[in-house]
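Have a look at work_26.cif; it's mmCIF, C-alpha atoms:
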data_data
#
loop_
_atom_site.group_PDB
_atom_site.id
_atom_site.type_symbol
_atom_site.label_atom_id
_atom_site.label_comp_id
_atom_site.auth_asym_id
_atom_site.auth_seq_id
_atom_site.Cartn_x
_atom_site.Cartn_y
_atom_site.Cartn_z
ATOM 1 C CA MET A 1 13.431 26.248 -32.177
ATOM 2 C CA MET A 2 10.142 24.377 -31.779
ATOM 3 C CA TYR A 3 11.524 21.328 -33.633
ATOM 4 C CA LYS A 4 14.433 21.147 -31.207
ATOM 5 C CA LEU A 5 11.962 20.598 -28.369
ATOM 6 C CA VAL A 6 9.526 18.322 -30.177
ATOM 7 C CA LEU A 7 12.046 15.712 -31.316
ATOM 8 C CA PRO A 8 13.521 14.977 -27.840
ATOM 9 C CA CYS A 9 10.020 14.837 -26.347
ATOM 10 C CA LEU A 10 8.868 12.454 -29.066
ATOM 11 C CA VAL A 11 11.887 10.189 -28.539
ATOM 12 C CA LEU A 12 11.303 10.198 -24.783
ATOM 13 C CA CYS A 13 7.628 9.315 -25.163
ATOM 14 C CA LEU A 14 8.258 6.515 -27.634
ATOM 15 C CA SER A 15 11.048 5.020 -25.548
ATOM 16 C CA SER A 16 8.823 4.864 -22.476
ATOM 17 C CA VAL A 17 6.206 2.700 -24.186
ATOM 18 C CA SER A 18 6.175 -0.530 -22.244
ATOM 19 C CA TYR A 19 5.209 -4.036 -23.193
ATOM 20 C CA ALA A 20 1.490 -4.672 -22.684
ATOM 21 C CA ALA A 21 1.006 -7.864 -20.737
ATOM 22 C CA ASP A 22 -1.142 -10.658 -22.153
ATOM 23 C CA MET A 23 -3.459 -11.764 -19.355
ATOM 24 C CA SER A 24 -4.811 -14.728 -21.344
ATOM 25 C CA ASN A 25 -1.259 -16.041 -21.688
ATOM 26 C CA GLY A 26 -0.744 -15.364 -17.969
ATOM 27 C CA LYS A 27 -3.822 -17.436 -17.215
ATOM 28 C CA ALA A 28 -2.498 -20.301 -19.363
ATOM 29 C CA LEU A 29 0.930 -20.114 -17.716
ATOM 30 C CA SER A 30 -0.658 -20.094 -14.250
ATOM 31 C CA ALA A 31 -1.678 -23.739 -14.678
ATOM 32 C CA GLN A 32 1.876 -24.696 -13.675
ATOM 33 C CA CYS A 33 1.724 -22.373 -10.670
ATOM 34 C CA SER A 34 -1.566 -23.805 -9.407
ATOM 35 C CA ALA A 35 0.063 -27.026 -8.211
ATOM 36 C CA CYS A 36 1.609 -25.081 -5.317
ATOM 37 C CA HIS A 37 -0.123 -21.683 -5.293
ATOM 38 C CA GLY A 38 -3.628 -23.098 -5.733
ATOM 39 C CA LYS A 39 -6.380 -22.515 -8.249
ATOM 40 C CA ASN A 40 -6.682 -18.820 -9.039
ATOM 41 C CA GLY A 41 -3.650 -18.078 -6.874
ATOM 42 C CA LEU A 42 -5.260 -19.032 -3.568
ATOM 43 C CA SER A 43 -2.989 -21.535 -1.869
ATOM 44 C CA ARG A 44 -4.177 -24.253 0.483
ATOM 45 C CA ASP A 45 -0.617 -24.919 1.631
ATOM 46 C CA PRO A 46 0.395 -22.732 4.602
ATOM 47 C CA GLU A 47 4.008 -22.695 3.364
ATOM 48 C CA THR A 48 3.054 -21.367 -0.085
ATOM 49 C CA PRO A 49 1.857 -17.774 -0.453
ATOM 50 C CA ASN A 50 -1.289 -16.637 -2.195
ATOM 51 C CA LEU A 51 -0.621 -14.812 -5.456
ATOM 52 C CA ALA A 52 -4.128 -13.526 -6.183
ATOM 53 C CA GLY A 53 -4.407 -9.784 -5.787
ATOM 54 C CA LEU A 54 -0.702 -9.101 -5.273
ATOM 55 C CA SER A 55 0.812 -6.102 -7.018
ATOM 56 C CA SER A 56 2.092 -6.899 -10.513
ATOM 57 C CA LEU A 57 5.305 -5.039 -9.671
ATOM 58 C CA TYR A 58 5.848 -7.250 -6.624
ATOM 59 C CA ILE A 59 5.243 -10.459 -8.602
ATOM 60 C CA GLU A 60 7.519 -9.333 -11.440
ATOM 61 C CA LYS A 61 10.321 -8.387 -9.043
ATOM 62 C CA ALA A 62 10.022 -11.643 -7.111
ATOM 63 C CA LEU A 63 10.177 -13.757 -10.270
ATOM 64 C CA VAL A 64 13.098 -11.779 -11.706
ATOM 65 C CA ASP A 65 14.927 -12.085 -8.381
ATOM 66 C CA TYR A 66 14.376 -15.872 -8.359
ATOM 67 C CA LYS A 67 15.563 -16.054 -11.969
ATOM 68 C CA LYS A 68 18.735 -14.044 -11.220
ATOM 69 C CA GLY A 69 19.453 -15.944 -7.998
ATOM 70 C CA MET A 70 18.947 -12.869 -5.797
ATOM 71 C CA ARG A 71 16.105 -14.699 -4.045
ATOM 72 C CA GLN A 72 16.321 -18.388 -3.188
ATOM 73 C CA ASP A 73 13.738 -21.140 -3.033
ATOM 74 C CA ARG A 74 14.454 -24.578 -4.442
ATOM 75 C CA ARG A 75 11.157 -24.768 -6.338
ATOM 76 C CA MET A 76 10.709 -21.145 -7.370
ATOM 77 C CA SER A 77 14.299 -20.729 -8.504
ATOM 78 C CA LEU A 78 13.814 -23.650 -10.917
ATOM 79 C CA MET A 79 10.403 -22.459 -12.126
ATOM 80 C CA ALA A 80 11.559 -18.887 -12.762
ATOM 81 C CA GLN A 81 14.558 -20.005 -14.841
ATOM 82 C CA GLY A 82 12.274 -21.095 -17.667
ATOM 83 C CA LEU A 83 10.284 -17.861 -17.835
ATOM 84 C CA SER A 84 10.963 -15.097 -20.331
ATOM 85 C CA LYS A 85 10.521 -11.431 -19.434
ATOM 86 C CA SER A 86 7.205 -11.303 -21.292
ATOM 87 C CA GLN A 87 5.948 -14.463 -19.549
ATOM 88 C CA ILE A 88 6.819 -12.933 -16.176
ATOM 89 C CA LYS A 89 4.830 -9.807 -17.083
ATOM 90 C CA ASP A 90 1.912 -11.952 -18.269
ATOM 91 C CA LEU A 91 1.814 -13.961 -15.032
ATOM 92 C CA ALA A 92 2.073 -10.791 -12.953
ATOM 93 C CA ALA A 93 -0.794 -9.202 -14.888
ATOM 94 C CA TRP A 94 -2.964 -12.299 -14.443
ATOM 95 C CA TYR A 95 -2.495 -12.666 -10.694
ATOM 96 C CA SER A 96 -2.693 -8.936 -9.975
ATOM 97 C CA SER A 97 -6.043 -8.723 -11.799
ATOM 98 C CA PHE A 98 -7.798 -10.655 -9.033
ATOM 99 C CA GLU A 99 -9.726 -8.569 -6.531
ATOM 100 C CA VAL A 100 -9.345 -9.856 -3.007
ATOM 101 C CA THR A 101 -11.639 -8.599 -0.275
ATOM 102 C CA VAL A 102 -10.922 -8.541 3.418
ATOM 103 C CA LYS A 103 -13.361 -8.811 6.270
ATOM 104 C CA VAL A 104 -12.330 -6.857 9.339
ATOM 105 C CA PRO A 105 -12.929 -8.909 12.508
ATOM 106 C CA GLU A 106 -15.387 -7.628 15.041
ATOM 107 C CA ILE A 107 -13.854 -7.183 18.450
#
Would you mind writing the file's structure down as structure tokens?
Amino acid sequence: MMYKLVLPCLVLCLSSVSYAADMSNGKALSAQCSACHGKNGLSRDPETPNLAGLSSLYIEKALVDYKKGMRQDRRMSLMAQGLSKSQIKDLAAWYSSFEVTVKVPEI
């Protein structure tokens, strides 16, 4: 009886192992992104969002949506087409690793 419980649990645990992102590869890939999104993901262009400190899940979803055509931007749609799933995870890990602080204004 014990084996009947252990095997399904083992299969479930092993199937939930996810790909570990490679932040050093994400950093290398980010060189292309820096033209628009700025060095270290801090954009100087008001029409281009900052990437530093965003959630990795948000970045991954945005890039996948651009790649699938569910989200449209002439530049991002082209850039995302060339990215593999692992490259998307690597970029997301790199940009989400930045810690961004906020200063609350005094009123």
Please put the answer as JSON: centre and edge lengths, in Å with one decimal, of a box along x, y and z that encloses all listed atoms of range 41-52 of chain A plus 4 Å on each side.
{"center_x": -0.6, "center_y": -19.2, "center_z": -1.1, "size_x": 17.3, "size_y": 19.4, "size_z": 19.5}
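Distance-wise, CA of Ala21 in chain A and CA of Ser86 in chain A end up 7.1 Å apart.
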* To do: Kindly give the distance, in Å, that separates CA of Lys85 in chain A and CA of Phe98 in chain A, rounded to a single decimal.
  =>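 Separating CA of Lys85 in chain A from CA of Phe98 in chain A is a distance of 21.1 Å.
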* To do: Could you list the residues chosen by the PyMOL selection byres ((chain A and resi 76) around 12) in this structure as a ChimeraX atom specification?
  => /A:32-33,36-37,48-49,62-75,77-83
* Asked: Expressed in Å to a single decimal, how great is the separation between CA of Leu91 in chain A and CA of Asp45 in chain A?
  -> 20.1 Å
Complete the atom set of range 82-106 of chain A to N, CA and C atoms and return it as a PDB file, keeping the file's coordinate frame.
ATOM      1  N   GLY A  82      12.870 -20.839 -16.360  1.00  0.00           N
ATOM      2  CA  GLY A  82      12.274 -21.095 -17.667  1.00  0.00           C
ATOM      3  C   GLY A  82      11.376 -19.997 -18.186  1.00  0.00           C
ATOM      4  N   LEU A  83      11.204 -18.930 -17.429  1.00  0.00           N
ATOM      5  CA  LEU A  83      10.284 -17.861 -17.835  1.00  0.00           C
ATOM      6  C   LEU A  83      11.012 -16.731 -18.551  1.00  0.00           C
ATOM      7  N   SER A  84      10.431 -16.269 -19.635  1.00  0.00           N
ATOM      8  CA  SER A  84      10.963 -15.097 -20.331  1.00  0.00           C
ATOM      9  C   SER A  84      10.423 -13.838 -19.642  1.00  0.00           C
ATOM     10  N   LYS A  85      10.973 -12.699 -20.006  1.00  0.00           N
ATOM     11  CA  LYS A  85      10.521 -11.431 -19.434  1.00  0.00           C
ATOM     12  C   LYS A  85       9.033 -11.197 -19.729  1.00  0.00           C
ATOM     13  N   SER A  86       8.615 -11.511 -20.940  1.00  0.00           N
ATOM     14  CA  SER A  86       7.205 -11.303 -21.292  1.00  0.00           C
ATOM     15  C   SER A  86       6.298 -12.279 -20.539  1.00  0.00           C
ATOM     16  N   GLN A  87       6.745 -13.505 -20.324  1.00  0.00           N
ATOM     17  CA  GLN A  87       5.948 -14.463 -19.549  1.00  0.00           C
ATOM     18  C   GLN A  87       5.814 -14.017 -18.098  1.00  0.00           C
ATOM     19  N   ILE A  88       6.869 -13.453 -17.546  1.00  0.00           N
ATOM     20  CA  ILE A  88       6.819 -12.933 -16.176  1.00  0.00           C
ATOM     21  C   ILE A  88       5.794 -11.808 -16.094  1.00  0.00           C
ATOM     22  N   LYS A  89       5.797 -10.907 -17.058  1.00  0.00           N
ATOM     23  CA  LYS A  89       4.830  -9.807 -17.083  1.00  0.00           C
ATOM     24  C   LYS A  89       3.403 -10.341 -17.235  1.00  0.00           C
ATOM     25  N   ASP A  90       3.237 -11.371 -18.065  1.00  0.00           N
ATOM     26  CA  ASP A  90       1.912 -11.952 -18.269  1.00  0.00           C
ATOM     27  C   ASP A  90       1.376 -12.590 -16.991  1.00  0.00           C
ATOM     28  N   LEU A  91       2.230 -13.350 -16.309  1.00  0.00           N
ATOM     29  CA  LEU A  91       1.814 -13.961 -15.032  1.00  0.00           C
ATOM     30  C   LEU A  91       1.475 -12.896 -14.002  1.00  0.00           C
ATOM     31  N   ALA A  92       2.304 -11.873 -13.916  1.00  0.00           N
ATOM     32  CA  ALA A  92       2.073 -10.791 -12.953  1.00  0.00           C
ATOM     33  C   ALA A  92       0.750 -10.087 -13.244  1.00  0.00           C
ATOM     34  N   ALA A  93       0.467  -9.854 -14.512  1.00  0.00           N
ATOM     35  CA  ALA A  93      -0.794  -9.202 -14.888  1.00  0.00           C
ATOM     36  C   ALA A  93      -1.989 -10.073 -14.514  1.00  0.00           C
ATOM     37  N   TRP A  94      -1.861 -11.379 -14.754  1.00  0.00           N
ATOM     38  CA  TRP A  94      -2.964 -12.299 -14.443  1.00  0.00           C
ATOM     39  C   TRP A  94      -3.258 -12.312 -12.945  1.00  0.00           C
ATOM     40  N   TYR A  95      -2.255 -12.562 -12.136  1.00  0.00           N
ATOM     41  CA  TYR A  95      -2.495 -12.666 -10.694  1.00  0.00           C
ATOM     42  C   TYR A  95      -2.873 -11.326 -10.060  1.00  0.00           C
ATOM     43  N   SER A  96      -2.351 -10.239 -10.558  1.00  0.00           N
ATOM     44  CA  SER A  96      -2.693  -8.936  -9.975  1.00  0.00           C
ATOM     45  C   SER A  96      -4.099  -8.480 -10.373  1.00  0.00           C
ATOM     46  N   SER A  97      -4.695  -9.120 -11.371  1.00  0.00           N
ATOM     47  CA  SER A  97      -6.043  -8.723 -11.799  1.00  0.00           C
ATOM     48  C   SER A  97      -7.136  -9.221 -10.858  1.00  0.00           C
ATOM     49  N   PHE A  98      -6.802 -10.153  -9.982  1.00  0.00           N
ATOM     50  CA  PHE A  98      -7.798 -10.655  -9.033  1.00  0.00           C
ATOM     51  C   PHE A  98      -8.085  -9.601  -7.964  1.00  0.00           C
ATOM     52  N   GLU A  99      -9.339  -9.466  -7.621  1.00  0.00           N
ATOM     53  CA  GLU A  99      -9.726  -8.569  -6.531  1.00  0.00           C
ATOM     54  C   GLU A  99      -9.972  -9.413  -5.284  1.00  0.00           C
ATOM     55  N   VAL A 100      -9.226  -9.118  -4.259  1.00  0.00           N
ATOM     56  CA  VAL A 100      -9.345  -9.856  -3.007  1.00  0.00           C
ATOM     57  C   VAL A 100      -9.970  -8.925  -1.982  1.00  0.00           C
ATOM     58  N   THR A 101     -11.001  -9.406  -1.309  1.00  0.00           N
ATOM     59  CA  THR A 101     -11.639  -8.599  -0.275  1.00  0.00           C
ATOM     60  C   THR A 101     -11.244  -9.106   1.101  1.00  0.00           C
ATOM     61  N   VAL A 102     -11.301  -8.211   2.053  1.00  0.00           N
ATOM     62  CA  VAL A 102     -10.922  -8.541   3.418  1.00  0.00           C
ATOM     63  C   VAL A 102     -12.076  -8.192   4.351  1.00  0.00           C
ATOM     64  N   LYS A 103     -12.336  -9.077   5.275  1.00  0.00           N
ATOM     65  CA  LYS A 103     -13.361  -8.811   6.270  1.00  0.00           C
ATOM     66  C   LYS A 103     -12.658  -8.474   7.574  1.00  0.00           C
ATOM     67  N   VAL A 104     -12.928  -7.302   8.087  1.00  0.00           N
ATOM     68  CA  VAL A 104     -12.330  -6.857   9.339  1.00  0.00           C
ATOM     69  C   VAL A 104     -13.043  -7.581  10.492  1.00  0.00           C
ATOM     70  N   PRO A 105     -12.285  -8.186  11.390  1.00  0.00           N
ATOM     71  CA  PRO A 105     -12.929  -8.909  12.508  1.00  0.00           C
ATOM     72  C   PRO A 105     -13.603  -7.944  13.469  1.00  0.00           C
ATOM     73  N   GLU A 106     -14.693  -8.415  14.013  1.00  0.00           N
ATOM     74  CA  GLU A 106     -15.387  -7.628  15.041  1.00  0.00           C
ATOM     75  C   GLU A 106     -14.780  -7.974  16.393  1.00  0.00           C
TER      76      GLU A 106
END
